[in-house]
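*Asks:* This is the content of my_file_18.txt (compact mmCIF, C-alpha atoms):
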# COMPACT_ATOMS: atom_id res chain seq x y z
CA MET A 89 6.61 -28.06 29.98
CA LYS A 90 9.62 -29.03 27.89
CA GLY A 91 13.39 -28.64 28.32
CA MET A 92 14.61 -26.34 25.58
CA THR A 93 17.74 -24.42 24.67
CA GLY A 94 18.66 -21.44 22.44
CA ALA A 95 20.80 -18.24 22.33
CA HIS A 96 20.74 -14.60 23.27
CA SER A 97 23.14 -11.72 22.65
CA SER A 98 24.18 -9.24 25.29
CA SER A 99 23.18 -5.70 24.41
CA ALA A 100 25.66 -2.94 23.78
CA ASN A 101 26.49 -0.55 26.58
CA PRO A 102 28.77 2.18 25.17
CA GLN A 103 30.03 5.22 27.06
CA HIS A 104 28.18 7.43 24.64
CA GLY A 105 29.87 10.74 23.81
CA LEU A 106 32.72 10.61 26.35
CA THR A 107 35.23 8.90 24.06
CA ASP A 108 34.81 11.45 21.26
CA ARG A 109 35.03 14.31 23.72
CA LEU A 110 38.27 12.97 25.23
CA ALA A 111 39.70 12.35 21.77
CA ARG A 112 39.04 15.95 20.74
CA TRP A 113 40.74 17.21 23.90
CA ALA A 114 43.70 14.91 23.34
CA LYS A 115 44.15 16.19 19.79
CA GLY A 116 44.04 19.76 20.94
CA LEU A 117 46.56 19.23 23.72
CA SER A 118 48.99 17.21 21.60
CA GLY A 119 48.83 19.53 18.61
CA LYS A 120 47.83 16.62 16.38
CA GLY A 121 44.48 17.99 15.40
CA ASP A 122 43.36 18.26 11.82
CA ASP A 123 45.33 20.82 9.79
CA PRO A 124 42.84 23.19 8.14
CA HIS A 125 45.44 24.23 5.54
CA ALA A 126 46.13 20.65 4.54
CA GLU A 127 42.40 20.07 4.24
CA GLU A 128 42.06 23.12 2.04
CA ALA A 129 44.91 22.01 -0.21
CA HIS A 130 43.20 18.71 -0.96
CA ARG A 131 39.65 20.04 -1.17
CA PRO A 132 38.02 19.36 -4.57
CA ARG A 133 35.91 21.80 -6.49
CA ALA A 134 32.67 22.73 -4.69
CA GLY A 135 30.37 21.51 -7.46
CA ALA A 136 31.89 18.03 -7.66
CA ALA A 137 31.94 17.68 -3.86
CA SER A 138 28.30 18.72 -3.67
CA ASN A 139 27.25 16.13 -6.26
CA ARG A 140 29.16 13.38 -4.50
CA GLU A 141 27.56 14.32 -1.18
CA ILE A 142 24.08 14.19 -2.73
CA ASN A 143 24.77 10.77 -4.25
CA ARG A 144 26.24 9.53 -0.98
CA ARG A 145 23.14 10.58 0.95
CA ARG A 146 20.82 9.03 -1.61
CA GLN A 147 22.68 5.74 -1.37
CA LEU A 148 22.62 5.90 2.42
CA TYR A 149 18.84 6.46 2.48
CA THR A 150 18.45 3.54 0.08
CA ASP A 151 20.62 1.32 2.29
CA ILE A 152 18.62 2.27 5.38
CA GLY A 153 15.35 1.50 3.60
CA ASP A 154 16.68 -1.86 2.41
CA PHE A 155 17.83 -2.70 5.94
CA LEU A 156 14.45 -1.87 7.52
CA PHE A 157 12.56 -3.71 4.78
CA ALA A 158 14.77 -6.81 5.04
CA HIS A 159 13.98 -7.14 8.75
CA ASP A 160 10.31 -6.09 8.44
CA LEU A 161 10.90 -3.12 10.76
CA ASP A 162 8.59 -0.14 11.13
CA LEU A 163 9.74 3.17 9.64
CA THR A 164 10.07 5.00 12.95
CA PRO A 165 12.59 7.63 14.09
CA ILE A 166 14.11 5.11 16.53
CA ASN A 167 14.59 2.41 13.89
CA PHE A 168 15.93 4.93 11.36
CA SER A 169 18.44 6.31 13.89
CA VAL A 170 19.70 2.87 14.93
CA ALA A 171 19.98 1.76 11.29
CA LEU A 172 21.91 4.95 10.47
CA ASP A 173 24.38 4.31 13.31
CA TYR A 174 24.84 0.72 12.16
CA LEU A 175 25.30 1.38 8.45
CA THR A 176 27.62 4.36 8.90
CA GLY A 177 29.62 2.80 11.74
CA ALA A 178 28.97 5.93 13.81
CA ASN A 179 28.37 3.87 16.97
CA ILE A 180 30.52 0.77 17.39
CA GLY A 181 28.34 -0.49 20.24
CA VAL A 182 25.26 -0.47 18.00
CA GLU A 183 27.22 -2.15 15.20
CA LYS A 184 28.46 -4.95 17.48
CA ALA A 185 25.00 -5.51 19.01
CA ILE A 186 23.28 -5.78 15.61
CA ARG A 187 25.93 -8.09 14.19
CA ALA A 188 25.68 -10.32 17.26
CA VAL A 189 21.90 -10.61 17.19
CA MET A 190 21.89 -11.27 13.43
CA MET A 191 24.39 -14.08 13.89
CA GLU A 192 22.51 -15.68 16.79
CA ARG A 193 18.88 -15.09 15.82
CA GLY A 194 19.06 -14.19 12.16
CA ARG A 195 16.48 -11.43 12.59
CA ILE A 196 15.90 -8.11 14.32
CA THR A 197 12.58 -7.01 15.84
CA ASN A 198 11.04 -3.62 16.55
CA GLY A 199 11.16 -4.40 20.26
CA TRP A 200 14.83 -5.23 20.17
CA MET A 201 15.60 -1.99 18.28
CA GLU A 202 13.64 0.00 20.87
CA SER A 203 15.51 -1.76 23.67
CA LEU A 204 18.88 -0.98 22.06
CA ALA A 205 17.93 2.68 21.58
CA ALA A 206 16.77 2.86 25.22
CA ASP A 207 20.17 1.57 26.34
CA GLN A 208 21.84 4.35 24.34
CA ARG A 209 19.64 7.03 25.94
CA ALA A 210 20.17 5.66 29.42
CA ASP A 211 23.92 5.71 28.98
CA GLU A 212 23.80 9.33 27.82
CA VAL A 213 22.15 10.40 31.06
CA THR A 214 24.73 9.07 33.49
CA PRO A 215 28.18 10.43 32.60
CA GLU A 216 27.46 14.13 32.06
CA SER A 217 24.16 15.22 33.61
CA LEU A 218 24.61 13.29 36.85
CA ALA A 219 28.26 14.27 37.07
CA SER A 220 27.26 17.91 36.66
CA MET A 221 24.73 17.64 39.47
CA LEU A 222 27.26 15.91 41.71
CA ASP A 223 29.77 18.69 40.99
CA LYS A 224 27.14 21.19 42.08
CA VAL A 225 26.51 19.29 45.30
CA GLU A 226 30.24 19.28 46.06
CA GLU A 227 30.38 22.99 45.30
CA ASN A 228 27.54 23.62 47.75
CA LEU A 229 29.28 21.54 50.39
CA ASP A 230 32.45 23.58 49.90
CA GLN A 231 30.42 26.77 50.25
CA PHE A 232 28.81 25.41 53.41
CA THR A 233 32.22 24.60 54.88
CA GLY A 234 33.47 28.07 53.97
CA LEU A 235 30.47 29.73 55.59
CA MET A 236 30.95 27.74 58.78
CA HIS A 237 34.64 28.73 58.90
CA GLU A 238 33.69 32.35 58.29
CA SER A 239 31.09 32.21 61.04
CA ARG A 240 33.53 30.69 63.54
CA ASN A 241 36.23 33.22 62.66
CA SER A 242 33.81 36.11 63.03
CA ALA A 243 32.77 34.79 66.44
CA LYS A 244 36.42 34.53 67.53
CA ASP A 245 37.16 38.07 66.33
CA TYR A 246 34.07 39.36 68.10
CA GLY A 247 35.06 37.63 71.34
CA ALA A 248 38.59 39.02 71.17
CA ALA A 249 37.29 42.53 70.50
CA LEU A 250 34.87 42.27 73.44
CA GLN A 251 37.70 41.25 75.73
CA GLU A 252 39.72 44.32 74.68
CA GLN A 253 36.78 46.63 75.32
CA ALA A 254 36.09 44.95 78.65
CA LYS A 255 39.67 45.75 79.71
CA ASP A 256 39.08 49.41 78.89
CA LEU A 257 35.92 49.43 80.99
CA ALA A 258 37.72 47.77 83.90
CA GLY A 259 40.49 50.39 83.71
CA GLY A 260 38.05 53.19 84.57
CA GLY A 261 37.89 56.54 82.82
CA ASP A 262 35.23 57.68 80.35
CA SER A 263 33.04 54.65 79.58
CA GLU A 264 30.87 56.27 76.88
CA PRO A 265 33.32 55.78 73.94
CA VAL A 266 33.89 52.19 75.06
CA LEU A 267 30.16 51.50 75.24
CA ALA A 268 29.69 53.05 71.79
CA ARG A 269 32.36 50.75 70.39
CA LEU A 270 30.71 47.76 72.11
CA VAL A 271 27.37 48.67 70.53
CA GLY A 272 29.04 49.01 67.14
CA LEU A 273 30.78 45.63 67.50
CA THR A 274 27.53 43.94 68.53
CA ARG A 275 25.61 45.44 65.63
CA SER A 276 28.32 44.32 63.22
CA MET A 277 28.29 40.79 64.66
CA VAL A 278 24.49 40.58 64.48
CA GLU A 279 24.56 41.69 60.83
CA LYS A 280 27.24 39.15 59.93
CA THR A 281 25.29 36.43 61.72
CA ARG A 282 22.17 37.30 59.76
CA GLN A 283 24.09 37.21 56.48
CA VAL A 284 25.61 33.82 57.28
CA GLU A 285 22.20 32.44 58.32
CA THR A 286 20.65 33.67 55.07
CA GLN A 287 23.46 32.13 53.00
CA LEU A 288 23.19 28.84 54.90
CA ARG A 289 19.44 28.67 54.33
CA GLU A 290 19.91 29.34 50.62
CA ASN A 291 22.69 26.77 50.46
CA GLN A 292 20.47 24.22 52.19
CA LYS A 293 17.64 24.86 49.71
CA GLN A 294 19.96 24.40 46.73
CA THR A 295 21.42 21.20 48.17
CA GLN A 296 17.96 19.78 48.82
CA ALA A 297 16.86 20.65 45.28
CA LEU A 298 19.97 18.95 43.87
CA LYS A 299 19.31 15.86 45.97
CA SER A 300 15.79 15.72 44.55
CA SER A 301 17.16 16.11 41.03
CA LEU A 302 19.66 13.33 41.58
CA GLU A 303 16.96 11.03 42.94
CA SER A 304 14.68 11.85 40.01
CA ALA A 305 17.50 11.19 37.57
CA ARG A 306 18.26 7.88 39.27
CA ARG A 307 14.61 6.81 39.09
CA ALA A 308 14.39 7.88 35.44
CA ALA A 309 17.53 5.91 34.62
CA GLU A 310 16.17 2.76 36.30
CA HIS A 311 12.46 2.79 35.41
CA ASP A 312 10.52 2.35 32.20
CA HIS A 313 8.47 5.49 31.58
CA LEU A 314 5.58 3.65 29.87
CA THR A 315 4.84 0.76 32.24
CA GLY A 316 6.34 2.14 35.44
CA LEU A 317 8.28 -1.10 35.90
CA PRO A 318 12.02 -1.21 36.57
CA ASN A 319 14.02 -1.38 33.34
CA ARG A 320 16.90 -3.61 32.24
CA ARG A 321 19.50 -1.49 34.04
CA ALA A 322 17.66 -1.82 37.36
CA PHE A 323 17.02 -5.53 36.81
CA GLU A 324 20.72 -6.24 36.38
CA THR A 325 21.37 -4.72 39.82
CA VAL A 326 18.52 -6.74 41.36
CA LEU A 327 19.83 -9.91 39.74
CA ARG A 328 23.26 -9.45 41.34
CA ASP A 329 21.72 -8.76 44.76
CA GLU A 330 19.23 -11.64 44.60
CA LEU A 331 21.93 -14.05 43.41
CA ALA A 332 24.07 -13.17 46.43
CA LEU A 333 21.10 -13.69 48.77
CA ALA A 334 20.11 -16.99 47.16
CA GLN A 335 23.66 -18.32 47.46
CA ALA A 336 23.99 -17.16 51.06
CA GLU A 337 20.63 -18.66 52.09
CA GLN A 338 21.01 -21.72 49.81
CA GLU A 339 17.72 -20.90 48.07
CA SER A 340 16.54 -21.49 44.51
CA LEU A 341 16.71 -18.67 41.97
CA SER A 342 14.94 -18.76 38.61
CA VAL A 343 14.53 -16.28 35.78
CA ALA A 344 11.81 -16.01 33.12
CA PHE A 345 11.69 -14.05 29.86
CA CYS A 346 8.16 -13.20 28.66
CA ASP A 347 7.54 -11.83 25.15
CA ILE A 348 4.15 -10.69 23.79
CA ASP A 349 3.06 -12.77 20.80
CA HIS A 350 2.54 -11.01 17.45
CA PHE A 351 2.99 -7.58 19.03
CA LYS A 352 3.81 -5.99 15.66
CA VAL A 353 0.42 -7.18 14.38
CA ILE A 354 -1.25 -5.48 17.35
CA ASN A 355 0.50 -2.20 16.54
CA ASP A 356 -0.20 -2.48 12.80
CA THR A 357 -3.87 -3.40 13.28
CA HIS A 358 -4.90 -1.23 16.21
CA GLY A 359 -2.23 1.48 16.35
CA HIS A 360 0.69 2.20 18.66
CA ASP A 361 -1.50 3.83 21.34
CA THR A 362 -3.40 0.56 21.72
CA GLY A 363 -0.10 -1.31 21.64
CA ASP A 364 1.14 0.85 24.53
CA ARG A 365 -2.04 0.10 26.50
CA VAL A 366 -1.51 -3.64 25.91
CA LEU A 367 2.05 -3.30 27.23
CA LYS A 368 0.83 -1.51 30.35
CA PHE A 369 -1.96 -4.04 30.88
CA ILE A 370 0.38 -7.04 30.71
CA ALA A 371 2.91 -5.22 32.90
CA GLY A 372 0.14 -4.86 35.49
CA LEU A 373 -0.70 -8.58 35.36
CA LEU A 374 2.95 -9.53 35.82
CA ALA A 375 3.46 -6.97 38.58
CA LYS A 376 0.62 -8.53 40.63
CA VAL A 377 2.81 -11.53 41.44
CA SER A 378 5.84 -9.42 42.38
CA ASP A 379 6.97 -9.01 45.98
CA ASP A 380 10.24 -9.00 47.93
CA ARG A 381 11.10 -12.41 46.45
CA CYS A 382 9.74 -11.88 42.94
CA HIS A 383 10.91 -9.02 40.74
CA VAL A 384 9.42 -7.95 37.40
CA ALA A 385 11.02 -5.57 34.89
CA ARG A 386 10.52 -4.44 31.31
CA HIS A 387 13.55 -5.78 29.49
CA GLY A 388 12.88 -3.78 26.34
CA GLY A 389 10.29 -3.58 23.57
CA GLU A 390 7.55 -6.17 24.15
CA GLU A 391 9.74 -8.30 26.44
CA PHE A 392 9.54 -8.61 30.23
CA VAL A 393 11.79 -10.43 32.68
CA MET A 394 10.86 -12.01 36.02
CA LEU A 395 13.17 -13.19 38.80
CA PHE A 396 11.96 -15.59 41.50
CA ARG A 397 14.01 -16.31 44.63
CA GLY A 398 12.88 -19.33 46.62
CA LYS A 399 11.15 -20.99 43.65
CA THR A 400 12.57 -23.79 41.58
CA ALA A 401 12.53 -23.47 37.80
CA ALA A 402 9.53 -25.83 37.63
CA GLU A 403 7.64 -23.76 40.22
CA THR A 404 8.53 -20.61 38.30
CA CYS A 405 7.11 -22.17 35.13
CA GLU A 406 3.84 -22.79 36.96
CA ALA A 407 3.69 -19.22 38.29
CA VAL A 408 4.43 -17.67 34.89
CA ASP A 409 2.03 -20.08 33.17
CA GLY A 410 -0.71 -18.94 35.52
CA VAL A 411 -0.27 -15.34 34.33
CA ARG A 412 -0.15 -16.57 30.71
CA GLU A 413 -3.46 -18.43 31.12
CA ASP A 414 -5.06 -15.39 32.77
CA LEU A 415 -4.04 -13.14 29.87
CA ALA A 416 -5.05 -15.63 27.14
CA SER A 417 -8.50 -16.04 28.68
CA ARG A 418 -9.30 -12.32 28.53
CA SER A 419 -11.17 -10.61 25.71
CA LEU A 420 -9.45 -7.28 25.24
CA VAL A 421 -11.16 -4.40 23.43
CA ASN A 422 -9.63 -1.57 21.43
CA ARG A 423 -10.61 1.45 23.52
CA THR A 424 -10.33 3.76 20.50
CA ASN A 425 -13.04 2.15 18.37
CA GLY A 426 -14.59 -0.47 20.64
CA GLU A 427 -13.52 -3.36 18.41
CA ARG A 428 -12.74 -6.68 20.06
CA MET A 429 -9.09 -7.63 19.63
CA ASP A 430 -7.76 -11.02 18.66
CA ARG A 431 -6.52 -13.04 21.59
CA VAL A 432 -3.48 -11.42 23.19
CA SER A 433 -0.92 -13.81 24.65
CA PHE A 434 2.73 -14.11 25.52
CA SER A 435 5.37 -16.82 25.35
CA ALA A 436 8.00 -17.40 28.01
CA GLY A 437 11.26 -19.20 28.70
CA VAL A 438 12.47 -20.14 32.18
CA ALA A 439 15.92 -21.10 33.48
CA ASN A 440 17.45 -22.07 36.81
CA VAL A 441 20.01 -19.32 37.44
CA LEU A 442 22.12 -21.45 39.79
CA ALA A 443 22.49 -24.22 37.20
CA TYR A 444 24.74 -22.05 35.02
CA GLU A 445 28.24 -20.73 35.48
CA ASP A 446 27.05 -17.13 35.68
CA PRO A 447 23.77 -15.16 35.48
CA ARG A 448 24.44 -14.11 31.88
CA ALA A 449 24.50 -17.75 30.77
CA ALA A 450 21.21 -18.37 32.59
CA LEU A 451 19.62 -15.36 30.87
CA LYS A 452 20.76 -16.68 27.49
CA ALA A 453 19.28 -20.10 28.27
CA ALA A 454 15.93 -18.56 29.26
CA ASP A 455 15.97 -16.46 26.11
CA ARG A 456 16.63 -19.51 23.93
CA ALA A 457 13.77 -21.35 25.60
CA LEU A 458 11.54 -18.34 24.89
CA TYR A 459 12.34 -18.32 21.19
CA LEU A 460 11.76 -22.04 20.91
CA ALA A 461 8.37 -21.51 22.56
CA LYS A 462 7.69 -18.95 19.83
CA GLU A 463 8.76 -21.35 17.09
CA HIS A 464 6.60 -24.16 18.46
CA GLY A 465 3.33 -22.23 18.39
CA ARG A 466 3.53 -19.38 20.91
CA ASN A 467 1.29 -18.86 23.98
CA ARG A 468 3.30 -21.34 26.03
CA VAL A 469 6.07 -21.53 28.64
CA TYR A 470 9.22 -23.59 28.04
CA LEU A 471 11.84 -24.65 30.56
CA ALA A 472 15.50 -24.50 29.54
CA ALA A 473 17.43 -27.72 29.93
CA GLU A 474 19.98 -27.43 32.73
CA THR A 475 22.49 -29.49 30.77
CA ASP A 476 22.69 -26.64 28.21
Since I need it in another form, could you write the structure as structure tokens?
*Replies:*
Amino acid sequence: MKGMTGAHSSSANPQHGLTDRLARWAKGLSGKGDDPHAEEAHRPRAGAASNREINRRRQLYTDIGDFLFAHDLDLTPINFSVALDYLTGANIGVEKAIRAVMMERGRITNGWMESLAADQRADEVTPESLASMLDKVEENLDQFTGLMHESRNSAKDYGAALQEQAKDLAGGGDSEPVLARLVGLTRSMVEKTRQVETQLRENQKQTQALKSSLESARRAAEHDHLTGLPNRRAFETVLRDELALAQAEQESLSVAFCDIDHFKVINDTHGHDTGDRVLKFIAGLLAKVSDDRCHVARHGGEEFVMLFRGKTAAETCEAVDGVREDLASRSLVNRTNGERMDRVSFSAGVANVLAYEDPRAALKAADRALYLAKEHGRNRVYLAAETD
């Protein structure tokens, strides 16, 4: 093991879509929206505008191609979309993230692009779809409250009416009209009770369904669909909780970044389906060591992150190195054609979380150690120097 240092950029986390929506509303309310007449007055001839638009698009496609080629990125819809957002400035979060990683690492990988795109999708889920479901839950609760009030009021009215009829019976005279009214009141009350019970049952079903939807949305927002592991969003929550526990119990806390070596070569040689199976296989190996004091997550792309409470950084290196040796010793086969694959391995960087001013600094140190492990030959685990 060696003490190493390096750098890592924090990924963008924009409130996707909400800002534009609020801006449009603000323009409409203030009367400062775009003036269609002014736009028409300055609009050039249709033919010239059309030619300029064609040339603009051609140049944009060329710029996107140059960007992907310069970073040796695959021509995938995800990479194209992220490159488009970056080059057009359509998403400031994407632009900042790419500029930061280019300054610190000098290169962009397919895995990092996938991770950035996943962050964008995750952020799109939370503000609108979950808010809509929560609104529906509140609406159902309001309906439930209204039904209960209606039921109580009906019961009070029924009781008052019964008392009036009971007085008539006690006063003597012809009891048949009174009894007929009592029967009518009782039938009416029974019918209302049945209606309220039916509405309450329906309301309960809808609320339960919404609860299930909210839970499913929460799980989807916090888990990686391919490997089944928690994702970066979930890991950040776990890191905060485990840090608090480690500090309270005066325990060690260490973090490790693991990145599959030459993963692009695996995809290019054997196909993305095989690449996905390799990701799931390695996720399974890492997950075997997880428990209440060890947490494993897919951090994005071909990168995984592990958090160990109660283990020193040196002990964490040993644990991670054991998984690395296990993987490197295996002879994996391409299930599609039966061909034996070249050795599959991963590199890792480890840092003592409590040795840094905050968890983000520890993550950066572990990430730097990982990239130095890559530069020094791969298939190894490096320990970040605590004096970083």
*Asks:* Using atom CA of A:Ala416 and atom CA of A:Phe345 as the two end points, give the distance in Å to one decimal.
*Replies:*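 These atoms are spaced 17.0 Å apart.
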*Asks:* For A:Leu442, which of A:Gly372, A:Ala454, A:Gln335, A:Tyr459 is the closest residue, counting all atoms listed in the file?
*Replies:*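 Checking each of A:Gly372, A:Ala454, A:Gln335, A:Tyr459 against A:Leu442, counting all atoms listed in the file, the winner is A:Gln335.
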*Asks:* One decimal, Å: what's the distance from atom CA of A:Thr197 over to atom CA of A:His387, could you say?
*Replies:*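 Atom CA of A:His387 lies at a distance of 13.7 Å from atom CA of A:Thr197.
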*Asks:* What separation in Å, quoted to one decimal, exists between atom CA of A:Glu324 and atom CA of A:His311?
*Replies:* 12.3 Å
*Asks:* Could you check the closest approach to A:Glu310 for each of A:Leu415, A:Ala385, A:Leu161, A:Ala472 and tell me which residue wins, using only C-alpha atoms?
*Replies:* A:Ala385
